[in-house]
Every structure is written in C-alpha cells, then in structure tokens.
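**Student:** One file: input-v8.cif (mmCIF, C-alpha atoms).
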```cif
data_upload
#
loop_
_atom_site.label_atom_id
_atom_site.label_comp_id
_atom_site.auth_asym_id
_atom_site.auth_seq_id
_atom_site.Cartn_x
_atom_site.Cartn_y
_atom_site.Cartn_z
CA MET Y 1145 255.30 205.58 65.48
CA ALA Y 1146 254.32 201.93 65.91
CA ILE Y 1147 256.48 199.75 68.11
CA LEU Y 1148 257.94 196.98 65.96
CA ASN Y 1149 260.05 193.97 66.94
CA LEU Y 1150 262.87 194.93 64.61
CA ILE Y 1151 266.51 195.36 65.47
CA GLY Y 1152 268.81 197.86 63.79
CA ARG Y 1153 270.18 201.35 64.15
CA SER Y 1154 271.80 202.49 60.91
CA PRO Y 1155 270.33 205.50 59.06
CA LYS Y 1156 269.12 203.21 56.24
CA PHE Y 1157 267.38 200.98 58.77
CA ARG Y 1158 265.73 203.96 60.48
CA ALA Y 1159 264.53 205.18 57.06
CA LEU Y 1160 263.01 201.74 56.44
CA LEU Y 1161 261.17 201.90 59.78
CA ASP Y 1162 259.85 205.33 58.82
CA GLU Y 1163 258.52 203.91 55.52
CA ILE Y 1164 256.84 201.04 57.38
CA ASN Y 1165 255.15 203.47 59.75
CA ILE Y 1166 253.97 205.65 56.85
CA ILE Y 1167 252.40 202.80 54.87
CA ALA Y 1168 251.10 200.56 57.68
CA PRO Y 1169 247.88 202.52 58.40
CA VAL Y 1170 247.14 203.08 54.69
CA ASP Y 1171 245.19 200.27 53.05
CA SER Y 1172 247.11 199.97 49.78
CA ALA Y 1173 249.32 197.44 48.07
CA VAL Y 1174 253.02 197.44 48.87
CA LEU Y 1175 255.89 196.10 46.78
CA VAL Y 1176 258.99 195.17 48.80
CA GLN Y 1177 262.05 194.85 46.60
CA GLY Y 1178 265.46 193.59 47.59
CA GLU Y 1179 268.08 190.91 47.42
CA THR Y 1180 267.56 187.46 48.86
CA GLY Y 1181 268.15 187.46 52.60
CA THR Y 1182 267.42 191.13 53.25
CA GLY Y 1183 264.26 190.50 55.26
CA LYS Y 1184 261.44 191.22 52.83
CA GLU Y 1185 259.00 188.94 54.67
CA VAL Y 1186 259.95 190.53 58.00
CA VAL Y 1187 259.12 193.93 56.50
CA ALA Y 1188 255.76 192.57 55.25
CA GLN Y 1189 254.95 191.22 58.72
CA ALA Y 1190 255.93 194.53 60.29
CA ILE Y 1191 253.58 196.38 57.93
CA HIS Y 1192 250.79 193.97 58.88
CA GLU Y 1193 251.46 194.22 62.63
CA ALA Y 1194 251.65 198.03 62.58
CA GLY Y 1195 248.44 198.40 60.56
CA PRO Y 1196 244.71 198.15 61.25
CA ARG Y 1197 244.52 194.54 59.94
CA ARG Y 1198 246.86 193.18 62.65
CA LYS Y 1199 244.02 191.39 64.48
CA ASN Y 1200 243.40 189.26 61.39
CA ARG Y 1201 245.59 186.73 59.63
CA PHE Y 1202 248.92 187.24 57.91
CA VAL Y 1203 249.06 184.62 55.15
CA ALA Y 1204 252.28 184.04 53.21
CA LEU Y 1205 252.69 182.35 49.85
CA ASN Y 1206 255.98 181.87 48.03
CA CYS Y 1207 255.07 182.03 44.33
CA ALA Y 1208 258.39 180.41 43.34
CA ALA Y 1209 257.97 177.40 45.62
CA ILE Y 1210 254.72 176.11 44.11
CA PRO Y 1211 254.50 174.53 40.65
CA ALA Y 1212 252.74 176.78 38.16
CA ALA Y 1213 249.99 174.18 37.64
CA LEU Y 1214 249.04 174.34 41.34
CA LEU Y 1215 249.55 178.04 41.99
CA GLU Y 1216 246.08 179.11 40.83
CA SER Y 1217 244.49 176.65 43.23
CA GLU Y 1218 246.74 177.87 46.07
CA LEU Y 1219 245.77 181.48 45.45
CA PHE Y 1220 242.06 181.15 44.76
CA GLY Y 1221 241.09 177.67 45.99
CA HIS Y 1222 239.27 174.99 44.05
CA GLU Y 1223 236.02 173.07 43.95
CA ARG Y 1224 235.75 169.34 44.32
CA GLY Y 1225 236.41 167.70 40.96
CA ALA Y 1226 238.05 170.78 39.43
CA PHE Y 1227 241.06 168.66 38.45
CA THR Y 1228 242.41 165.18 39.05
CA GLY Y 1229 243.03 164.83 42.76
CA ALA Y 1230 240.66 167.61 43.83
CA VAL Y 1231 238.64 165.44 46.19
CA ALA Y 1232 237.35 168.27 48.38
CA GLN Y 1233 236.54 171.95 48.15
CA THR Y 1234 239.55 174.00 49.22
CA MET Y 1235 239.83 177.62 50.29
CA GLY Y 1236 242.66 179.57 48.67
CA ARG Y 1237 245.11 181.99 50.27
CA PHE Y 1238 243.06 185.03 49.24
CA GLN Y 1239 240.09 183.81 51.27
CA ALA Y 1240 242.33 182.74 54.14
CA ALA Y 1241 243.72 186.29 54.29
CA ASP Y 1242 240.29 187.96 54.18
CA ARG Y 1243 240.39 191.14 56.35
CA GLY Y 1244 244.09 190.44 56.93
CA THR Y 1245 247.23 190.55 54.82
CA LEU Y 1246 248.31 188.30 51.96
CA PHE Y 1247 252.06 188.25 51.43
CA LEU Y 1248 253.04 187.15 47.92
CA ASP Y 1249 256.74 186.38 48.02
CA GLU Y 1250 258.74 186.11 44.78
CA ILE Y 1251 255.92 187.72 42.78
CA GLY Y 1252 258.24 187.96 39.77
CA ASP Y 1253 257.95 184.18 39.41
CA LEU Y 1254 254.17 184.34 38.98
CA PRO Y 1255 253.36 182.76 35.59
CA LEU Y 1256 252.25 185.25 32.94
CA GLU Y 1257 248.99 183.36 32.35
CA LEU Y 1258 248.00 183.71 36.03
CA GLN Y 1259 248.75 187.44 36.25
CA PRO Y 1260 245.37 188.62 34.82
CA LYS Y 1261 243.53 186.61 37.47
CA LEU Y 1262 245.62 188.15 40.23
CA LEU Y 1263 245.05 191.59 38.74
CA ARG Y 1264 241.28 191.01 38.76
CA ALA Y 1265 241.39 189.88 42.38
CA LEU Y 1266 243.29 193.04 43.34
CA GLN Y 1267 241.07 195.42 41.34
CA GLU Y 1268 237.66 193.93 41.98
CA LYS Y 1269 238.35 192.33 45.38
CA GLN Y 1270 236.65 189.22 44.04
CA ILE Y 1271 237.88 185.70 43.38
CA GLU Y 1272 236.45 182.58 41.85
CA ARG Y 1273 237.64 179.15 42.90
CA LEU Y 1274 239.12 176.93 40.21
CA GLY Y 1275 236.29 174.87 38.75
CA GLY Y 1276 233.61 177.00 40.40
CA GLY Y 1277 231.05 179.47 39.16
CA HIS Y 1278 230.50 181.42 42.37
CA THR Y 1279 232.28 184.71 43.02
CA PHE Y 1280 233.57 185.46 46.51
CA GLN Y 1281 234.27 188.92 47.91
CA VAL Y 1282 237.69 189.22 49.54
CA ASP Y 1283 239.07 192.15 51.47
CA GLY Y 1284 242.73 191.50 52.08
CA ARG Y 1285 245.71 193.75 51.83
CA VAL Y 1286 248.40 192.50 49.47
CA VAL Y 1287 252.08 192.93 50.16
CA ALA Y 1288 254.25 191.49 47.40
CA ALA Y 1289 257.99 190.97 47.38
CA THR Y 1290 260.62 190.24 44.78
CA ASN Y 1291 264.35 190.08 44.28
CA GLN Y 1292 263.87 190.63 40.53
CA ASP Y 1293 263.70 193.82 38.49
CA LEU Y 1294 259.95 193.85 37.82
CA TRP Y 1295 260.12 196.99 35.71
CA GLY Y 1296 262.72 195.32 33.51
CA MET Y 1297 260.43 192.29 33.26
CA VAL Y 1298 257.59 194.60 32.17
CA GLN Y 1299 259.84 195.99 29.43
CA GLU Y 1300 260.64 192.43 28.30
CA LYS Y 1301 256.91 191.49 28.35
CA LYS Y 1302 257.52 188.91 31.12
CA PHE Y 1303 255.36 190.74 33.67
CA ARG Y 1304 252.14 192.66 33.04
CA ALA Y 1305 252.46 196.44 33.30
CA ASP Y 1306 248.98 196.85 34.79
CA LEU Y 1307 249.75 194.30 37.52
CA TYR Y 1308 253.08 196.00 38.19
CA TYR Y 1309 251.35 199.36 38.70
CA ARG Y 1310 248.66 197.77 40.89
CA LEU Y 1311 251.30 196.20 43.17
CA ASN Y 1312 253.78 199.08 43.13
CA VAL Y 1313 251.49 201.60 44.85
CA PHE Y 1314 254.02 202.01 47.65
CA PRO Y 1315 257.47 200.59 46.86
CA ILE Y 1316 259.90 199.77 49.65
CA GLY Y 1317 263.54 198.99 48.99
CA CYS Y 1318 264.91 196.35 51.32
CA ARG Y 1319 268.68 196.22 51.37
CA ARG Y 1320 271.47 195.40 53.69
CA CYS Y 1321 271.66 198.27 56.15
CA GLY Y 1322 275.27 198.22 57.17
CA ASN Y 1323 278.30 195.99 57.61
CA ALA Y 1324 276.55 192.96 59.08
CA GLU Y 1325 273.16 194.44 59.86
CA THR Y 1326 270.15 192.82 58.27
CA ILE Y 1327 266.53 193.08 59.26
CA SER Y 1328 265.71 190.62 61.99
CA ARG Y 1329 263.12 189.91 64.65
CA TYR Y 1330 263.73 189.22 68.29
#
```
Spit out the file's structure as structure tokens when you get a sec.

**Tutor:**
Amino acid sequence: MAILNLIGRSPKFRALLDEINIIAPVDSAVLVQGETGTGKEVVAQAIHEAGPRRKNRFVALNCAAIPAALLESELFGHERGAFTGAVAQTMGRFQAADRGTLFLDEIGDLPLELQPKLLRALQEKQIERLGGGHTFQVDGRVVAATNQDLWGMVQEKKFRADLYYRLNVFPIGCRRCGNAETISRY
C-alpha cells in the first residue's frame, strides 16, 4: 500500500484509499465522480503520487473555468497566428503533462464540439496544435473529474458515449466520508 498524505479513518475513506492503491500502478484513465468540495483533485493527485508517473508533472485544468473558445488551445496548444492574439507558439496541457498526469476537472463542462478531439488524443496518444499541421506524440495519464451525472448526459446526447467509456475505465466515487470528514491533505 502506498503511503499517501491523506487524513481520514471512516470505512468509506479506507475504501477510497484501497481504490487509489489499486488503480495507481495501472496506466489507465480514471473518472472521479462526486459533489463539489469532496476532494476530487486531492484524489487525482494521490493517484498520481502513488503511481509510476509521480516523478513527472501533474497538470490540472478546470474545463469549466476556461471559455469554450480558448479551451482547445489550452488542451492542445496553438501555433503562432492560429487566431487573433496568438503571437507565439504555445504548448498545451497535454504536452505539459507528457509522461505525467493530466487532471481534467469538471469534464462534464467540456463542449460537445471539442469532445472528439479529446477522444482522439486519448485513443491515439497524439495531438495537433491549433493552427498546426504537425502531430505530436503524448504519453500522459488522464484523470478526469466531474460533479455531474455523465451517464445521464450521454443519454441526453450532451456528452459522447465513446468519450465516456474511454474516461470511465476505472470509476471512483468521491463522497463525504462521515459527519465532518472530507478528503484533505496535510
């Protein structure tokens, strides 16, 4: 069992630690689901730190905090001149997380038109910068998190089923673990 900087002792919390230790050494996508404030990013960091990619970067991106028009550039980067204001070539979060972990928070807020590009990056481990013609290999583990019902969104055609299945390889439920206990770091 990996030693993690997490505090808690309830049975639910211990079960969560067991799940983290099961998935950490396996190089697959993880979907962390839970209410706001339950520590989904802390769980993602714990998975990263307990796994073989811990010596490389943990890169976080909140999909809800970035305007849809800029999100593609944030994820994949862009070439100079790709759009108004693109004065320099920029590396995206996928490249920044190469050989490490990319944490995609609030994945349910990812625009539908960007989902096929994310799916391709996950399947092929390749990205192309916005406005570029060169393909880059990327080898990063993706941990996604949401407080939304992604399966319900799939049913309503608001989230792609193939992307859902690609992200939901190992689902982890993150919930309040007791009276006042939440996941925290010390």

**Student:** Could you state the separation of CA of Val1170 (chain Y) and CA of Ala1241 (chain Y) in Å, given to one decimal place?

**Tutor:**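 About the pair CA of Val1170 (chain Y) and CA of Ala1241 (chain Y): they are 17.1 Å apart.
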
**Student:** What's the separation between CA of Ser1172 (chain Y) and CA of Thr1245 (chain Y), in Å to one decimal place?

**Tutor:**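 Atom-to-atom, CA of Ser1172 (chain Y) and CA of Thr1245 (chain Y) are spaced 10.7 Å apart.
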
**Student:** Within 8 Å of region 1294-1311 of chain Y, counting only C-alpha atoms, which residues show up once you throw out same-chain ones fewer than 4 positions away? Write them as a list in words, please.

**Tutor:**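 The filter keeps Ala1173, Val1174, Leu1175, Gly1252, Leu1256, Gln1259, Pro1260, Leu1262, Leu1263, Leu1266, Gln1267, Val1286, Val1287, Ala1288 and Thr1290 of chain Y.
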
**Student:** Go through Y:Arg1285, Y:His1278, Y:Arg1153, Y:Lys1269 and flag the residue nearest Arg1201 (chain Y), using all atoms listed in the file for the distances.

**Tutor:**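 Between Y:Arg1285, Y:His1278, Y:Arg1153, Y:Lys1269, the residue approaching Arg1201 (chain Y) most closely is Y:Arg1285.
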
**Student:** Report, in Å to a single decimal, how far apart CA of Leu1248 (chain Y) and CA of Leu1205 (chain Y) are.

**Tutor:** 5.2 Å

**Student:** Could you tell me which of Y:Gly1178, Y:Val1282, Y:Cys1318, Y:Asp1249 comes closest to Ile1210 (chain Y) if we count all atoms listed in the file?

**Tutor:**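 The closest residue to Ile1210 (chain Y) is Y:Asp1249.
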
**Student:** Please rebuild region 1301-1312 of chain Y with all heavy atoms and return the result as a compact mmCIF listing (two decimals), in the coordinates of the input.

**Tutor:**
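Contents of out32.txt, freshly written:
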```txt
# COMPACT_ATOMS: atom_id res chain seq x y z
N LYS Y 1301 258.22 192.15 28.51
CA LYS Y 1301 256.91 191.49 28.35
C LYS Y 1301 256.84 190.16 29.13
O LYS Y 1301 256.13 189.24 28.74
CB LYS Y 1301 256.58 191.24 26.88
CG LYS Y 1301 256.66 192.47 26.01
CD LYS Y 1301 255.35 193.20 26.01
CE LYS Y 1301 255.37 194.29 24.97
NZ LYS Y 1301 255.21 195.59 25.47
N LYS Y 1302 257.55 190.09 30.26
CA LYS Y 1302 257.52 188.91 31.12
C LYS Y 1302 256.67 189.15 32.36
O LYS Y 1302 256.46 188.23 33.15
CB LYS Y 1302 258.94 188.52 31.53
CG LYS Y 1302 259.79 188.07 30.37
CD LYS Y 1302 261.18 187.70 30.83
CE LYS Y 1302 262.03 187.24 29.66
NZ LYS Y 1302 263.41 186.96 30.08
N PHE Y 1303 256.22 190.39 32.55
CA PHE Y 1303 255.36 190.74 33.67
C PHE Y 1303 254.42 191.82 33.18
O PHE Y 1303 254.84 192.76 32.49
CB PHE Y 1303 256.20 191.25 34.85
CG PHE Y 1303 255.47 191.19 36.17
CD1 PHE Y 1303 255.48 190.03 36.93
CD2 PHE Y 1303 254.80 192.30 36.66
CE1 PHE Y 1303 254.82 189.96 38.14
CE2 PHE Y 1303 254.14 192.25 37.88
CZ PHE Y 1303 254.15 191.08 38.62
N ARG Y 1304 253.15 191.71 33.52
CA ARG Y 1304 252.14 192.66 33.04
C ARG Y 1304 252.34 194.04 33.65
O ARG Y 1304 252.48 194.17 34.87
CB ARG Y 1304 250.75 192.17 33.38
CG ARG Y 1304 250.32 190.96 32.59
CD ARG Y 1304 248.93 190.54 33.01
NE ARG Y 1304 247.97 191.60 32.79
CZ ARG Y 1304 247.00 191.56 31.87
NH1 ARG Y 1304 246.88 190.50 31.09
NH2 ARG Y 1304 246.17 192.56 31.74
N ALA Y 1305 252.30 195.07 32.82
CA ALA Y 1305 252.46 196.44 33.30
C ALA Y 1305 251.34 196.83 34.25
O ALA Y 1305 251.58 197.46 35.29
CB ALA Y 1305 252.53 197.41 32.13
N ASP Y 1306 250.10 196.47 33.93
CA ASP Y 1306 248.98 196.85 34.79
C ASP Y 1306 249.07 196.20 36.17
O ASP Y 1306 248.76 196.82 37.19
CB ASP Y 1306 247.63 196.58 34.13
CG ASP Y 1306 247.49 195.21 33.51
OD1 ASP Y 1306 248.42 194.38 33.62
OD2 ASP Y 1306 246.44 194.95 32.88
N LEU Y 1307 249.55 194.96 36.23
CA LEU Y 1307 249.75 194.30 37.52
C LEU Y 1307 250.90 194.96 38.28
O LEU Y 1307 250.82 195.17 39.49
CB LEU Y 1307 250.01 192.81 37.33
CG LEU Y 1307 250.24 192.01 38.61
CD1 LEU Y 1307 249.08 192.14 39.59
CD2 LEU Y 1307 250.50 190.54 38.27
N TYR Y 1308 251.95 195.31 37.57
CA TYR Y 1308 253.08 196.00 38.19
C TYR Y 1308 252.61 197.29 38.85
O TYR Y 1308 252.94 197.57 40.02
CB TYR Y 1308 254.16 196.30 37.15
CG TYR Y 1308 255.26 197.20 37.65
CD1 TYR Y 1308 256.27 196.70 38.47
CD2 TYR Y 1308 255.28 198.55 37.32
CE1 TYR Y 1308 257.28 197.54 38.94
CE2 TYR Y 1308 256.29 199.37 37.78
CZ TYR Y 1308 257.28 198.87 38.59
OH TYR Y 1308 258.26 199.70 39.06
N TYR Y 1309 251.82 198.10 38.14
CA TYR Y 1309 251.35 199.36 38.70
C TYR Y 1309 250.39 199.13 39.87
O TYR Y 1309 250.38 199.91 40.82
CB TYR Y 1309 250.68 200.22 37.63
CG TYR Y 1309 251.66 200.76 36.62
CD1 TYR Y 1309 251.53 200.48 35.27
CD2 TYR Y 1309 252.75 201.54 37.02
CE1 TYR Y 1309 252.44 200.97 34.34
CE2 TYR Y 1309 253.66 202.04 36.11
CZ TYR Y 1309 253.50 201.74 34.77
OH TYR Y 1309 254.41 202.22 33.86
N ARG Y 1310 249.60 198.08 39.81
CA ARG Y 1310 248.66 197.77 40.89
C ARG Y 1310 249.40 197.35 42.17
O ARG Y 1310 248.99 197.68 43.27
CB ARG Y 1310 247.71 196.66 40.44
CG ARG Y 1310 246.67 196.26 41.45
CD ARG Y 1310 245.71 197.33 41.82
NE ARG Y 1310 244.91 197.76 40.70
CZ ARG Y 1310 243.92 198.63 40.78
NH1 ARG Y 1310 243.61 199.14 41.94
NH2 ARG Y 1310 243.25 198.99 39.73
N LEU Y 1311 250.52 196.65 42.02
CA LEU Y 1311 251.30 196.20 43.17
C LEU Y 1311 252.26 197.28 43.68
O LEU Y 1311 252.56 197.34 44.87
CB LEU Y 1311 252.13 194.96 42.80
CG LEU Y 1311 251.34 193.69 42.51
CD1 LEU Y 1311 252.27 192.62 41.95
CD2 LEU Y 1311 250.64 193.19 43.76
N ASN Y 1312 252.74 198.11 42.80
CA ASN Y 1312 253.78 199.08 43.13
C ASN Y 1312 253.22 200.42 43.61
O ASN Y 1312 253.79 201.47 43.36
CB ASN Y 1312 254.68 199.29 41.90
CG ASN Y 1312 256.00 199.93 42.25
OD1 ASN Y 1312 256.57 199.66 43.30
ND2 ASN Y 1312 256.49 200.78 41.36
```
